[in-house]
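Shown next: entry-v3.cif, given as mmCIF, C-alpha atoms.
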data_structure
#
loop_
_atom_site.label_atom_id
_atom_site.label_comp_id
_atom_site.auth_asym_id
_atom_site.auth_seq_id
_atom_site.Cartn_x
_atom_site.Cartn_y
_atom_site.Cartn_z
CA MET E 235 -3.10 215.54 63.66
CA PRO E 236 -0.87 215.81 60.59
CA ALA E 237 0.85 212.55 59.73
CA ARG E 238 4.50 212.48 60.74
CA SER E 239 7.28 210.64 59.01
CA ILE E 240 9.01 207.87 60.95
CA GLY E 241 12.02 210.13 61.40
CA GLN E 242 9.91 212.91 62.86
CA GLU E 243 8.22 210.39 65.16
CA PHE E 244 11.65 209.73 66.62
CA THR E 245 13.12 213.24 66.69
CA LYS E 246 10.08 214.87 68.29
CA GLY E 247 11.08 213.16 71.55
CA LEU E 248 14.54 214.67 71.33
CA TRP E 249 13.49 218.26 71.05
CA SER E 250 10.06 219.56 70.07
CA GLU E 251 8.27 217.25 72.51
CA ASN E 252 11.20 216.44 74.80
CA PRO E 253 9.59 214.95 77.93
CA VAL E 254 11.67 217.02 80.35
CA PHE E 255 12.42 220.29 78.59
CA ARG E 256 9.20 220.70 76.61
CA GLN E 257 6.51 218.66 78.37
CA LEU E 258 7.91 218.96 81.92
CA LEU E 259 7.00 215.35 82.65
CA GLY E 260 8.81 212.94 84.94
CA LEU E 261 10.46 215.70 86.93
CA CYS E 262 10.67 213.73 90.18
CA PRO E 263 13.55 211.46 89.10
CA THR E 264 14.91 214.26 86.92
CA LEU E 265 15.45 216.39 89.99
CA ALA E 266 16.23 213.67 92.49
CA VAL E 267 18.91 211.49 90.94
CA THR E 268 20.87 213.87 88.74
CA GLY E 269 23.53 214.78 91.31
CA TRP E 270 25.94 212.41 89.58
CA VAL E 271 26.15 211.49 85.91
CA ILE E 272 26.29 207.75 86.56
CA ASN E 273 23.04 207.87 88.55
CA GLY E 274 21.35 210.06 85.94
CA LEU E 275 22.43 207.70 83.20
CA ALA E 276 21.28 204.60 85.10
CA MET E 277 17.93 206.20 85.85
CA GLY E 278 17.57 207.29 82.21
CA LEU E 279 18.33 203.80 80.92
CA ALA E 280 16.06 202.09 83.45
CA THR E 281 13.22 204.43 82.50
CA SER E 282 13.93 203.86 78.80
CA PHE E 283 13.75 200.11 79.28
CA VAL E 284 10.39 200.40 81.00
CA LEU E 285 9.02 202.89 78.46
CA ILE E 286 10.09 200.92 75.39
CA PHE E 287 8.77 197.57 76.60
CA SER E 288 5.56 199.02 78.03
CA SER E 289 4.86 200.81 74.75
CA LEU E 290 5.56 197.63 72.85
CA VAL E 291 3.22 195.51 74.97
CA VAL E 292 0.48 198.15 75.15
CA SER E 293 0.50 198.75 71.41
CA ILE E 294 0.30 195.00 70.78
CA ILE E 295 -2.66 194.36 73.08
CA LYS E 296 -4.39 197.75 72.74
CA LYS E 297 -7.41 196.31 70.90
CA LEU E 298 -8.00 193.69 73.60
CA ILE E 299 -8.18 196.13 76.48
CA PRO E 300 -11.61 197.64 77.20
CA SER E 301 -11.19 201.40 77.66
CA GLN E 302 -12.71 201.25 81.17
CA VAL E 303 -9.80 199.23 82.53
CA ARG E 304 -7.04 200.57 80.29
CA ILE E 305 -5.28 202.69 82.93
CA ALA E 306 -5.26 199.79 85.40
CA SER E 307 -3.87 197.47 82.73
CA TYR E 308 -1.17 199.96 81.72
CA ILE E 309 -0.11 200.39 85.33
CA VAL E 310 0.18 196.63 85.83
CA ILE E 311 2.25 196.32 82.65
CA ILE E 312 4.46 199.28 83.60
CA ALA E 313 4.90 198.01 87.17
CA THR E 314 5.99 194.63 85.82
CA PHE E 315 8.81 196.12 83.78
CA VAL E 316 9.79 198.45 86.61
CA THR E 317 10.15 195.47 88.94
CA VAL E 318 12.25 193.71 86.32
CA ALA E 319 14.51 196.78 86.06
CA ASP E 320 14.72 197.03 89.85
CA ARG E 321 15.68 193.36 90.29
CA PHE E 322 18.16 193.54 87.42
CA LEU E 323 19.93 196.56 88.95
CA ALA E 324 19.95 194.94 92.40
CA ALA E 325 21.45 191.76 90.95
CA TYR E 326 24.05 193.18 88.58
CA PHE E 327 24.69 196.77 89.70
CA PRO E 328 24.17 196.70 93.48
CA ASP E 329 25.99 200.00 94.06
CA ILE E 330 23.89 201.94 91.58
CA SER E 331 20.79 200.21 92.88
CA LYS E 332 21.66 201.38 96.40
CA ASP E 333 22.30 204.95 95.22
CA LEU E 334 19.04 205.19 93.31
CA GLY E 335 17.19 203.71 96.28
CA PRO E 336 13.43 204.24 96.08
CA TYR E 337 13.61 206.05 92.74
CA VAL E 338 13.72 202.89 90.65
CA PRO E 339 10.41 201.53 92.01
CA LEU E 340 9.06 205.08 91.59
CA ILE E 341 9.45 204.80 87.79
CA VAL E 342 5.97 203.21 87.99
CA VAL E 343 4.46 206.63 88.58
CA ASN E 344 6.68 208.47 86.10
CA CYS E 345 4.17 210.41 83.99
CA ILE E 346 6.25 210.07 80.82
CA ILE E 347 5.54 206.36 80.69
CA LEU E 348 1.83 206.37 81.46
CA GLY E 349 1.51 209.51 79.33
CA ARG E 350 3.00 207.84 76.26
CA GLN E 351 0.76 204.78 76.66
CA GLU E 352 -2.36 206.93 76.93
CA ALA E 353 -1.41 209.49 74.29
CA PHE E 354 0.38 207.33 71.78
CA SER E 355 0.79 203.55 72.12
CA SER E 356 -2.92 202.96 72.69
CA LYS E 357 -3.74 204.67 69.38
CA ASN E 358 -0.84 203.85 67.07
CA SER E 359 0.71 200.83 65.39
CA VAL E 360 3.36 198.70 67.08
CA GLY E 361 6.14 200.08 64.86
CA ARG E 362 5.25 203.71 65.43
CA SER E 363 4.84 203.16 69.17
CA LEU E 364 8.29 201.65 69.32
CA ILE E 365 9.83 204.57 67.42
CA ASP E 366 7.94 207.02 69.62
CA ALA E 367 9.14 205.24 72.79
CA LEU E 368 12.72 205.18 71.52
CA GLY E 369 12.57 208.89 70.74
CA MET E 370 11.04 209.83 74.08
CA SER E 371 13.54 207.63 75.94
CA SER E 372 16.47 209.22 74.12
CA GLY E 373 15.05 212.64 74.92
CA PHE E 374 14.73 211.70 78.58
CA VAL E 375 18.23 210.22 78.79
CA LEU E 376 19.59 213.30 77.03
CA ALA E 377 17.87 215.63 79.49
CA LEU E 378 19.12 213.66 82.49
CA LEU E 379 22.64 213.61 81.05
CA VAL E 380 22.72 217.37 80.47
CA LEU E 381 21.34 218.10 83.91
CA SER E 382 23.53 215.61 85.77
CA SER E 383 26.65 216.73 83.87
CA ILE E 384 26.11 220.32 84.95
CA ARG E 385 25.38 219.28 88.52
CA GLU E 386 28.27 216.85 88.89
CA ILE E 387 30.86 219.17 87.35
CA LEU E 388 29.79 222.19 89.39
CA GLY E 389 28.78 220.29 92.52
CA SER E 390 31.70 217.88 92.89
CA GLY E 391 34.22 218.98 90.24
CA THR E 392 34.12 215.48 88.75
CA TYR E 393 32.66 213.76 85.71
CA LEU E 394 31.65 210.11 86.02
CA GLY E 395 33.76 210.09 89.18
CA HIS E 396 36.92 211.45 87.48
CA GLN E 397 38.33 214.76 88.62
CA VAL E 398 37.89 217.26 85.76
CA MET E 399 38.23 220.57 87.52
CA GLY E 400 41.61 221.84 88.72
CA SER E 401 42.54 222.09 92.37
CA TRP E 402 41.56 225.79 92.31
CA PHE E 403 37.96 224.75 91.96
CA LYS E 404 35.82 224.74 95.07
CA PRO E 405 32.75 222.52 94.51
CA TRP E 406 29.41 224.28 94.75
CA ILE E 407 27.80 222.01 97.30
CA ILE E 408 24.40 223.51 96.49
CA MET E 409 24.47 221.92 93.04
CA ILE E 410 24.29 218.38 94.41
CA LEU E 411 21.55 219.35 96.86
CA PRO E 412 17.88 219.50 95.79
CA ALA E 413 18.06 223.29 95.42
CA GLY E 414 20.79 222.91 92.82
CA ALA E 415 18.55 220.60 90.81
CA PHE E 416 15.83 223.24 90.68
CA LEU E 417 18.28 226.00 89.79
CA ALA E 418 19.91 224.02 87.00
CA LEU E 419 16.60 222.78 85.61
CA GLY E 420 15.11 226.28 85.71
CA ILE E 421 18.01 227.76 83.79
CA LEU E 422 17.94 224.91 81.25
CA LEU E 423 14.19 225.37 80.74
CA GLY E 424 14.76 229.07 80.18
CA ILE E 425 17.43 228.35 77.57
CA ALA E 426 15.22 225.74 75.87
CA LEU E 427 12.37 228.24 75.69
CA GLN E 428 14.64 230.92 74.23
CA ILE E 429 15.92 228.58 71.53
CA GLU E 430 12.38 227.53 70.74
CA LYS E 431 11.29 231.18 70.46
CA LYS E 432 14.20 232.07 68.18
CA THR E 433 13.60 229.15 65.84
CA LYS E 434 9.83 229.78 65.75
CA SER E 435 10.17 233.51 64.93
CA ARG E 436 12.47 232.72 62.04
CA VAL E 437 9.90 230.50 60.35
CA MET B 238 -18.52 188.87 75.26
CA LYS B 239 -20.29 191.12 77.73
CA LEU B 240 -18.25 194.19 78.59
CA SER B 241 -18.16 193.53 82.34
CA VAL B 242 -16.93 189.98 81.76
CA ARG B 243 -14.35 191.20 79.27
CA MET B 244 -13.02 193.74 81.74
CA VAL B 245 -12.54 191.07 84.38
CA VAL B 246 -10.97 188.64 81.93
CA VAL B 247 -8.52 191.18 80.50
CA LEU B 248 -7.38 192.57 83.85
CA THR B 249 -7.06 189.10 85.34
CA SER B 250 -4.99 187.81 82.44
CA VAL B 251 -2.77 190.91 82.43
CA GLY B 252 -2.24 190.39 86.15
CA LEU B 253 -1.58 186.67 85.82
CA LEU B 254 0.85 187.08 82.95
CA SER B 255 2.72 189.87 84.74
CA GLY B 256 2.79 187.82 87.91
CA SER B 257 4.23 184.73 86.30
CA PHE B 258 6.75 186.80 84.35
CA LEU B 259 7.88 188.49 87.57
CA ALA B 260 8.09 185.18 89.40
CA THR B 261 10.51 183.96 86.71
CA VAL B 262 12.60 187.12 86.92
CA GLY B 263 12.54 186.84 90.71
CA ILE B 264 13.87 183.29 90.65
CA LEU B 265 16.52 184.16 88.07
CA THR B 266 17.90 187.11 90.03
CA LYS B 267 17.41 185.78 93.56
CA GLU B 268 20.75 184.04 93.86
CA ARG B 269 22.80 186.99 92.64
CA ILE B 270 20.98 189.41 94.92
CA GLU B 271 21.65 187.10 97.88
CA ILE B 272 25.35 186.92 96.97
CA ASN B 273 25.48 190.72 96.75
CA LYS B 274 23.83 191.05 100.16
CA GLN B 275 26.26 188.56 101.65
CA ARG B 276 29.19 190.50 100.20
CA VAL B 277 27.87 193.75 101.65
CA ILE B 278 27.64 192.10 105.08
CA GLU B 279 31.16 190.71 104.89
CA GLU B 280 32.57 194.07 103.85
CA ALA B 281 30.61 195.76 106.63
CA ILE B 282 32.06 193.47 109.33
CA ILE B 283 35.57 194.31 108.19
CA LYS B 284 34.70 198.00 108.45
CA VAL B 285 32.89 197.98 111.79
CA VAL B 286 35.32 195.72 113.63
CA PRO B 287 38.78 197.09 112.76
CA GLY B 288 41.41 194.43 112.29
CA THR B 289 38.98 191.70 111.27
CA GLU B 290 40.52 189.00 109.13
CA SER B 291 37.65 186.51 109.08
CA SER B 292 34.16 186.49 110.48
CA THR B 293 31.67 184.00 111.86
CA LYS B 294 27.95 184.15 112.43
CA LEU B 295 27.28 183.78 116.15
CA TYR B 296 23.55 184.26 116.38
CA GLU B 297 20.64 184.56 114.00
CA ALA B 298 17.08 185.70 114.55
CA LYS B 299 14.63 187.68 112.45
CA ASP B 300 16.09 191.15 111.77
CA PHE B 301 18.87 190.50 114.29
CA LYS B 302 22.12 188.76 113.51
CA VAL B 303 25.40 188.79 115.40
CA TYR B 304 28.72 188.25 113.66
CA GLY B 305 32.05 187.86 115.34
CA GLY B 306 35.15 189.46 113.86
CA LYS B 307 38.40 187.54 114.32
CA ASP B 308 41.99 188.68 114.00
CA PRO B 309 44.54 186.64 111.97
CA ASP B 310 45.14 184.34 114.99
CA GLY B 311 41.46 183.47 115.11
CA THR B 312 40.78 185.28 118.37
CA LEU B 313 37.41 187.02 118.63
CA ILE B 314 38.09 190.78 118.67
CA GLY B 315 34.63 192.27 118.37
CA TYR B 316 30.99 191.89 117.45
CA GLY B 317 29.18 193.12 114.37
CA ILE B 318 25.46 193.39 115.06
CA LEU B 319 23.36 193.38 111.92
CA VAL B 320 19.94 194.67 112.84
CA SER B 321 16.85 196.16 111.21
CA GLY B 322 14.38 198.54 112.77
CA ILE B 323 11.78 201.10 111.86
CA GLY B 324 13.08 204.42 110.63
CA PHE B 325 11.14 207.52 109.63
CA GLN B 326 9.25 205.88 106.80
CA ASP B 327 10.77 202.48 106.17
CA LYS B 328 13.11 199.91 107.63
CA ILE B 329 16.69 200.89 108.43
CA THR B 330 19.24 198.08 108.35
CA LEU B 331 22.54 198.82 110.01
CA MET B 332 25.60 197.12 111.39
CA LEU B 333 27.12 198.20 114.66
CA GLY B 334 30.60 197.18 115.67
CA THR B 335 31.45 196.82 119.35
CA ASN B 336 34.42 195.58 121.32
CA ILE B 337 34.35 192.12 122.84
CA SER B 338 33.28 193.30 126.31
CA LEU B 339 30.40 195.24 124.75
CA THR B 340 31.44 198.48 126.44
CA LYS B 341 32.55 200.52 123.44
CA THR B 342 31.24 200.93 119.92
CA THR B 343 33.84 200.71 117.18
CA ARG B 344 31.89 201.85 114.15
CA LEU B 345 28.43 202.14 112.65
CA GLU B 346 27.57 201.30 109.06
CA ILE B 347 24.18 201.81 107.43
CA ILE B 348 23.43 198.85 105.17
CA GLU B 349 20.06 199.88 103.82
CA GLN B 350 17.76 202.83 104.37
CA LYS B 351 15.00 204.69 102.60
CA GLU B 352 14.93 207.86 104.69
CA THR B 353 14.09 211.25 103.19
CA PRO B 354 16.78 212.13 100.64
CA GLY B 355 18.74 215.18 101.79
CA LEU B 356 17.52 214.96 105.38
CA GLY B 357 17.14 211.55 107.05
CA ALA B 358 19.30 209.94 104.39
CA LYS B 359 22.23 211.74 106.02
CA ILE B 360 22.42 208.86 108.50
CA GLU B 361 24.74 207.47 105.80
CA ASP B 362 26.88 210.59 105.86
CA GLU B 363 30.32 210.09 107.38
CA ASP B 364 30.94 213.68 108.50
CA VAL B 365 27.45 214.51 109.69
CA PHE B 366 26.58 211.32 111.50
CA LEU B 367 28.63 208.14 111.26
CA LYS B 368 31.96 209.46 112.57
CA PHE B 369 30.30 210.46 115.84
CA TRP B 370 29.51 206.82 116.51
CA GLU B 371 33.12 205.72 116.82
CA GLY B 372 34.35 204.80 120.27
CA ARG B 373 31.15 205.58 122.16
CA ASP B 374 30.60 204.17 125.62
CA CYS B 375 27.78 201.65 125.22
CA SER B 376 27.91 200.10 128.68
CA GLN B 377 24.88 202.32 129.32
CA PRO B 378 22.22 203.39 126.77
CA ILE B 379 23.63 205.89 124.30
CA SER B 380 21.85 209.24 124.12
CA LEU B 381 21.47 211.94 121.47
CA ARG B 382 23.06 215.38 121.71
CA LYS B 383 20.55 218.03 120.69
CA PRO B 384 21.13 220.50 119.17
CA ALA B 385 23.94 219.06 117.11
CA VAL B 386 27.56 219.94 117.89
CA LYS B 387 30.43 220.29 115.45
CA THR B 388 33.15 218.03 116.84
CA ALA B 389 33.20 214.68 118.61
CA GLU B 390 35.17 216.24 121.49
CA GLU B 391 32.12 218.21 122.59
CA LEU B 392 30.12 215.03 123.16
CA ALA B 393 29.97 213.07 126.39
CA ALA B 394 31.34 209.52 126.26
CA SER B 395 27.94 207.96 125.67
CA GLU B 396 26.51 210.68 123.46
CA VAL B 397 26.16 210.83 119.68
CA ASN B 398 25.31 213.72 117.42
CA THR B 399 21.84 214.48 116.03
CA ILE B 400 21.36 215.28 112.35
CA THR B 401 19.91 218.78 112.14
CA GLY B 402 16.54 218.51 110.43
CA ALA B 403 16.33 214.76 110.83
CA THR B 404 15.70 214.16 114.51
CA ILE B 405 13.36 211.23 113.90
CA SER B 406 15.87 209.37 111.73
CA SER B 407 18.64 210.03 114.26
CA GLU B 408 16.43 208.80 117.10
CA SER B 409 15.43 205.71 115.10
CA VAL B 410 19.06 204.73 114.61
CA LEU B 411 19.74 205.38 118.29
CA LYS B 412 16.81 203.24 119.36
CA ILE B 413 17.84 200.38 117.05
CA VAL B 414 21.40 200.51 118.38
CA ASN B 415 20.45 200.67 122.06
CA ASN B 416 17.96 197.83 121.73
CA SER B 417 20.39 195.61 119.86
CA VAL B 418 23.25 196.20 122.29
CA GLU B 419 20.91 195.36 125.17
CA ARG B 420 19.72 192.24 123.33
CA LEU B 421 23.25 191.05 122.65
CA ARG B 422 24.23 191.68 126.26
CA GLN B 423 21.29 189.55 127.37
CA LEU B 424 22.31 186.80 124.93
CA ILE B 425 25.86 186.73 126.24
CA LYS B 426 24.62 186.70 129.83
CA GLU B 427 22.37 183.73 129.12
CA GLY B 428 25.18 182.01 127.27
CA ASN B 429 23.12 181.74 124.11
CA LEU B 430 25.82 182.96 121.78
CA GLN B 431 27.57 180.26 119.83
CA LYS B 432 31.27 180.31 120.35
CA GLY B 433 32.00 180.87 116.70
CA GLU B 434 32.08 177.40 115.17
CA GLN B 435 29.84 178.50 112.31
CA ASP B 436 31.31 180.29 109.31
CA ALA B 437 29.79 183.58 108.20
CA ARG B 438 28.92 182.24 104.78
#
Rendering of file as structure tokens:
Amino acid sequence: MPARSIGQEFTKGLWSENPVFRQLLGLCPTLAVTGWVINGLAMGLATSFVLIFSSLVVSIIKKLIPSQVRIASYIVIIATFVTVADRFLAAYFPDISKDLGPYVPLIVVNCIILGRQEAFSSKNSVGRSLIDALGMSSGFVLALLVLSSIREILGSGTYLGHQVMGSWFKPWIIMILPAGAFLALGILLGIALQIEKKTKSRV
Amino acid sequence: MKLSVRMVVVLTSVGLLSGSFLATVGILTKERIEINKQRVIEEAIIKVVPGTESSTKLYEAKDFKVYGGKDPDGTLIGYGILVSGIGFQDKITLMLGTNISLTKTTRLEIIEQKETPGLGAKIEDEDVFLKFWEGRDCSQPISLRKPAVKTAEELAASEVNTITGATISSESVLKIVNNSVERLRQLIKEGNLQKGEQDAR
């Protein structure tokens, strides 16, 4: 693997290895909670918190963990931070916590997090792991924001709960339903692939 | 160190450290979460018993609590039954409001549920489910109308609507409600309900 600069380590998560648009990881919350921007944002931040701290801890103790029990150890570490995020939301943002329901505990099985531990934090230095986690988190938050913005504007005519579409606008109910999540994600993936193709062919 | 021993030591210490960390977080957040829950309950009583100014806890058992809603004069005007029961895949916690003679429901509020998003989770939906629970005759067990109808006028006095595609969740709510109304009626009959000297908080 060619050595990347610190900057590239961060930006790869935003685009070239974006967890949602390029790696198609962590699609369960991506599809499930993006009906409203506030929920997408909360989910993105909760996942980021878990990813950043798990990467930090895993990269610090990576040499201590025998490879046979590494997955089990990662899961315990990830589950710990997920529970912290869950309790924190329940204590300080009860409404969001209620809206997200089972999807916060489900961050445990989000493949982005375990994937980054296995593919990156367990092999790289603490600093690089942190940068990688920050980049991947930003990429994930970005993807959730784009998707939830499209779905909330088209599905409810609002943005962060504020009316943005005129009274002529009839909300497309389908966009806040699961089918709308698939439609919007499919179209976004298509666009991402097109952009990737265009930029590649130019090189 | 032998590998097998090292594996045990590492996993155990990771588990222990995580556990103690979580215990700390649990203690730190416990109080706030309790306060939030209490607030949700107080807001729910005001919703399910219209006209409630203050509320008192009248009875408490595991997964079954009865609150009394009082008007500004302090007269008991209705009951709010906070009850949990098994739903499709997890516990459903709801609050049912009834009048003081326990013959009519006033309103149903879902406090907590983890039903299937998009299907069973519609038990929280006002237009699909909750509005059909207002003013039902609960002097006899309430029954479900299947298939679902569009307006409340089409339902019999003791019928509520089913959610299309979520029969099990609808039936679960129905069962929880019918059991809790029956239980409260029994309590009143036996005179086991406190006459409201205890404050809700």
Select residues of chain B: the criterion is any atom within 7 Å of an atom of chain E, counting all atoms listed in the file; output as a PDB file with C-alpha atoms, in the coordinates of the input.
ATOM      1  CA  MET B 244     -13.020 193.740  81.740  1.00  0.00           C
ATOM      2  CA  VAL B 247      -8.520 191.180  80.500  1.00  0.00           C
ATOM      3  CA  LEU B 248      -7.380 192.570  83.850  1.00  0.00           C
ATOM      4  CA  VAL B 251      -2.770 190.910  82.430  1.00  0.00           C
ATOM      5  CA  GLY B 252      -2.240 190.390  86.150  1.00  0.00           C
ATOM      6  CA  SER B 255       2.720 189.870  84.740  1.00  0.00           C
ATOM      7  CA  LEU B 259       7.880 188.490  87.570  1.00  0.00           C
ATOM      8  CA  VAL B 262      12.600 187.120  86.920  1.00  0.00           C
ATOM      9  CA  THR B 266      17.900 187.110  90.030  1.00  0.00           C
ATOM     10  CA  ARG B 269      22.800 186.990  92.640  1.00  0.00           C
ATOM     11  CA  ILE B 270      20.980 189.410  94.920  1.00  0.00           C
ATOM     12  CA  ASN B 273      25.480 190.720  96.750  1.00  0.00           C
ATOM     13  CA  LYS B 351      15.000 204.690 102.600  1.00  0.00           C
TER      14      LYS B 351
END
I need the residue set behind the PyMOL selection byres ((chain B and resi 398) around 8) for this file; please write it as a count of residues only. 12
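Across the model, the gap from atom CA of B:Glu290 to atom CA of B:Ile329 is 26.6 Å.
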Would you mind reading off the distance between atom CA of E:Ala377 and atom CA of E:Met277, one decimal, in Å?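 Separation of atom CA of E:Ala377 and atom CA of E:Met277: 11.4 Å.
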Given the PyMOL selection byres ((chain B and resi 406) around 6) and the file above, list the residues it selects as a ChimeraX atom specification. /B:324-325,357,403-405,407-409
Once the PyMOL selection byres ((chain B and resi 378) around 6) is applied to the coordinates I shared, what remains selected? I want it as a tab-separated table (two decimals) with C-alpha atoms, in the frame of the given file.
chain	number	residue	atom	x	y	z
B	377	GLN	CA	24.88	202.32	129.32
B	379	ILE	CA	23.63	205.89	124.30
B	415	ASN	CA	20.45	200.67	122.06
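Here the question is which of E:Val292, E:Val342, E:Val380, E:Val271 gets nearest to E:Ser355 using all atoms listed in the file, and that residue is E:Val292.
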Extract, using all atoms listed in the file, all DNA, RNA and protein residues at most 8 Å from E:Ser356, discarding same-chain residues fewer than 2 positions from it, and format them as a PDB file with C-alpha atoms, in the coordinates of the input.
ATOM      1  CA  VAL E 292       0.480 198.150  75.150  1.00  0.00           C
ATOM      2  CA  SER E 293       0.500 198.750  71.410  1.00  0.00           C
ATOM      3  CA  LYS E 296      -4.390 197.750  72.740  1.00  0.00           C
ATOM      4  CA  GLN E 351       0.760 204.780  76.660  1.00  0.00           C
ATOM      5  CA  GLU E 352      -2.360 206.930  76.930  1.00  0.00           C
ATOM      6  CA  ALA E 353      -1.410 209.490  74.290  1.00  0.00           C
ATOM      7  CA  PHE E 354       0.380 207.330  71.780  1.00  0.00           C
ATOM      8  CA  ASN E 358      -0.840 203.850  67.070  1.00  0.00           C
TER       9      ASN E 358
END
Rounded to one decimal, what separation in Å do you get between atom CA of E:Ser359 and atom CA of E:Ser288?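 About the pair atom CA of E:Ser359 and atom CA of E:Ser288: they are 13.7 Å apart.
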